[in-house]
Amino acid sequence: MSLSIGIHDLSLATGEFVLPHTALAAHNGTDIGKYHVGIGQESMSVTAADEDIVTLAATAAAPLIARHGTDRIRTLVLATESSIDQAKAAGIYVHSLIGLPSATRVVELKQACYGATAALQFAVGLVRRDPAQQVLVIASDVSRYDLDSPGEATQGAAAVAMLVGVDPALVRIEDPSGLYTADVMDFWRPNYRDTALVDGQESVGAYLQAVEGTWKDYTEQGGRTLEEFAAFCYHQPFTKMAYKAHRHLLNYCGLDTDPDTVTAALGQTTAYNRVIGNSYTASVYLALAALLDQADDLTGKSVGFLSYGSGSVAEFFAGTVVAGYSNHLRTDAHHEAITRRTEVDYAAYRALHEHRLPADGGDHATPAQTTGPYRLAGISGHKRLYTTR
Ligand code: COA
């Protein structure tokens with residue numbers, strides 16, 4: 001009998017601040033309907049000057065360590081597309097902050113918003129090789145577009161940490177996987193830029209092509225039929241995209257796109273992304289967190305995952321929710337991570353957006369802003385300095 005491998009525990013973290021879309025709309029004269037209905041976003045998480053992908057990742061991962069210890073973790077894979085260093089893996093700072101043993105392999109993965117899914121699949125492979133081991137997979141991103149650009153309304157920040165192992169308490173990952181890679185320039189960030197470049201309409205079209213491509217391959221790999229899924233977790237650069245993608249998939253399969261059917265399949269997956277914004281690699285796993293935290297009982301049900309990363313790589317795969325999963329959720333902590341954020345006005349958001357760590361090699365302390373457990377205390381000699389609060 002094949003091993004049951006999957007997500008044993010899952011925890012999320014997000015930024016210190018939140019900007020409601022009403023404030024952005026008031027600034028740029030946009031009808032709020034475009035944000036609330038047109039793209040399906042209500043607010044975006046904004047990171048403090050002393051937060052980054054490392055502090056978010058450590059904050060998400062620490063509760064997993066507190067619950068399960070470090071004994072079985074021999075690999076940490078951190079996926080991000082808002083990397084802070086061209087050479088050193090951000091996960092090494094996290095490894096130190098959360099107290100993982102030195103006998104750990106740590107690596108960073110990148111492929112736009114898709115990276116964490118590659119990390120999850122690689123983790124499944126490692127666990128299959130040695131079922132005694134667990135892999136800590138962390139998706140952590142701060143999404144930042146140019147001020148006053150169309151992408152600005154789809155910014156956000158979050159991390160999701162997942163412990164992958166045998167006999168998972170939450171979701172078993174199934175073997176068939178549908179893959180799709182296409183060389184497109186829909187979203188990218190050259191090494192010399194802090195903000196991403198995006199061709200928004202191109203990216204929506206490329207995403208929909210990828211939905212078709214992954215589904216076709218998933219079917220050819222012997223996957224489930226569409227009707228077998230209780231819910232679908234899509235990558236959500238903005239929550240309306242999940243609806244576009246699912247309607248596209250239903251059309252492609254010749255199925256009815258009745259709005260109630262679509263909402264039943266997706267409605268509960270958008271709650272966190274709608275108020276956090278795009279968290280790139282973490283987005284599809286925030287969808288899973290929102291689904292597990294809200295659905296009545298998903299025991300034994302199949303969930304479809306569509307992970308898309310611009311550039312582009314996409315993957316469709318399935319998970320089965322395990323009996324007793326609801327006893328292992330972190331629903332209250334997830335709500336707390338979202339509700340604890342302090343609301344900022346447009347001017348404060350803009351100042352945070354424009355904040356950059358000095359690049360002169362000097363000693364610089366960062367303003368003390370975060371109330372989270374970890375902070376980026378400063379930079380000295382081009383070295384980032386992290387502290388535990
Ligand atoms: N009330 C309700 N809906 C409204 C509206 C209003 N007052 N005004 C506009 N809308 C709707 C539009 O009809 C459109 O809906 P549709 O997509 O179903 O046709 C939607 O709001 C967005 O309008 P659009 O004119 O396309 O917005 P935009 O030019 O600002 O671009 C994005 C939107 C998402 C492409 C842009 O924010 C972007 O580039 N985001 C970053 C990239 C990204 O997220 N890509 C996704 C794939 S990874």
# chains A, B, ... in the order shown; residues from 1 in each chain; ligands from 1
call {"tool": "residues_near_ligand", "arguments": {"ligand": "ligand 1", "cutoff": "9 Å", "atoms": "only C-alpha atoms and all ligand atoms", "output": "PyMOL selection string"}}
result
chain A and resi 30-40+113+145+149-155+186-187+197-208+235-238+240-241+244+278+280+308-310
call {"tool": "residues_around", "arguments": {"residues": "Tyr386 of chain A", "least_positions_apart": "2", "cutoff": "12 Å", "atoms": "only C-alpha atoms", "output": "NGL selection string"}}
result
:A and (50-56 or 58 or 90 or 92-98 or 365-366 or 373-380 or 383-384 or 388-389)
call {"tool": "closest_residue", "arguments": {"among": "A:Leu109, A:Leu266, A:Leu329, A:Val124", "to": "Arg67 of chain A", "atoms": "only C-alpha atoms"}}
result
A:Leu329
call {"tool": "closest_residue", "arguments": {"among": "A:His334, A:Leu78, A:Val344, A:Ser2", "to": "Pro63 of chain A", "atoms": "only C-alpha atoms"}}
result
A:His334
call {"tool": "residues_around", "arguments": {"residues": "Ala290 of chain A", "least_positions_apart": "6", "cutoff": "9 Å", "atoms": "only C-alpha atoms", "output": "ChimeraX atom specification"}}
result
/A:268-273,331,334
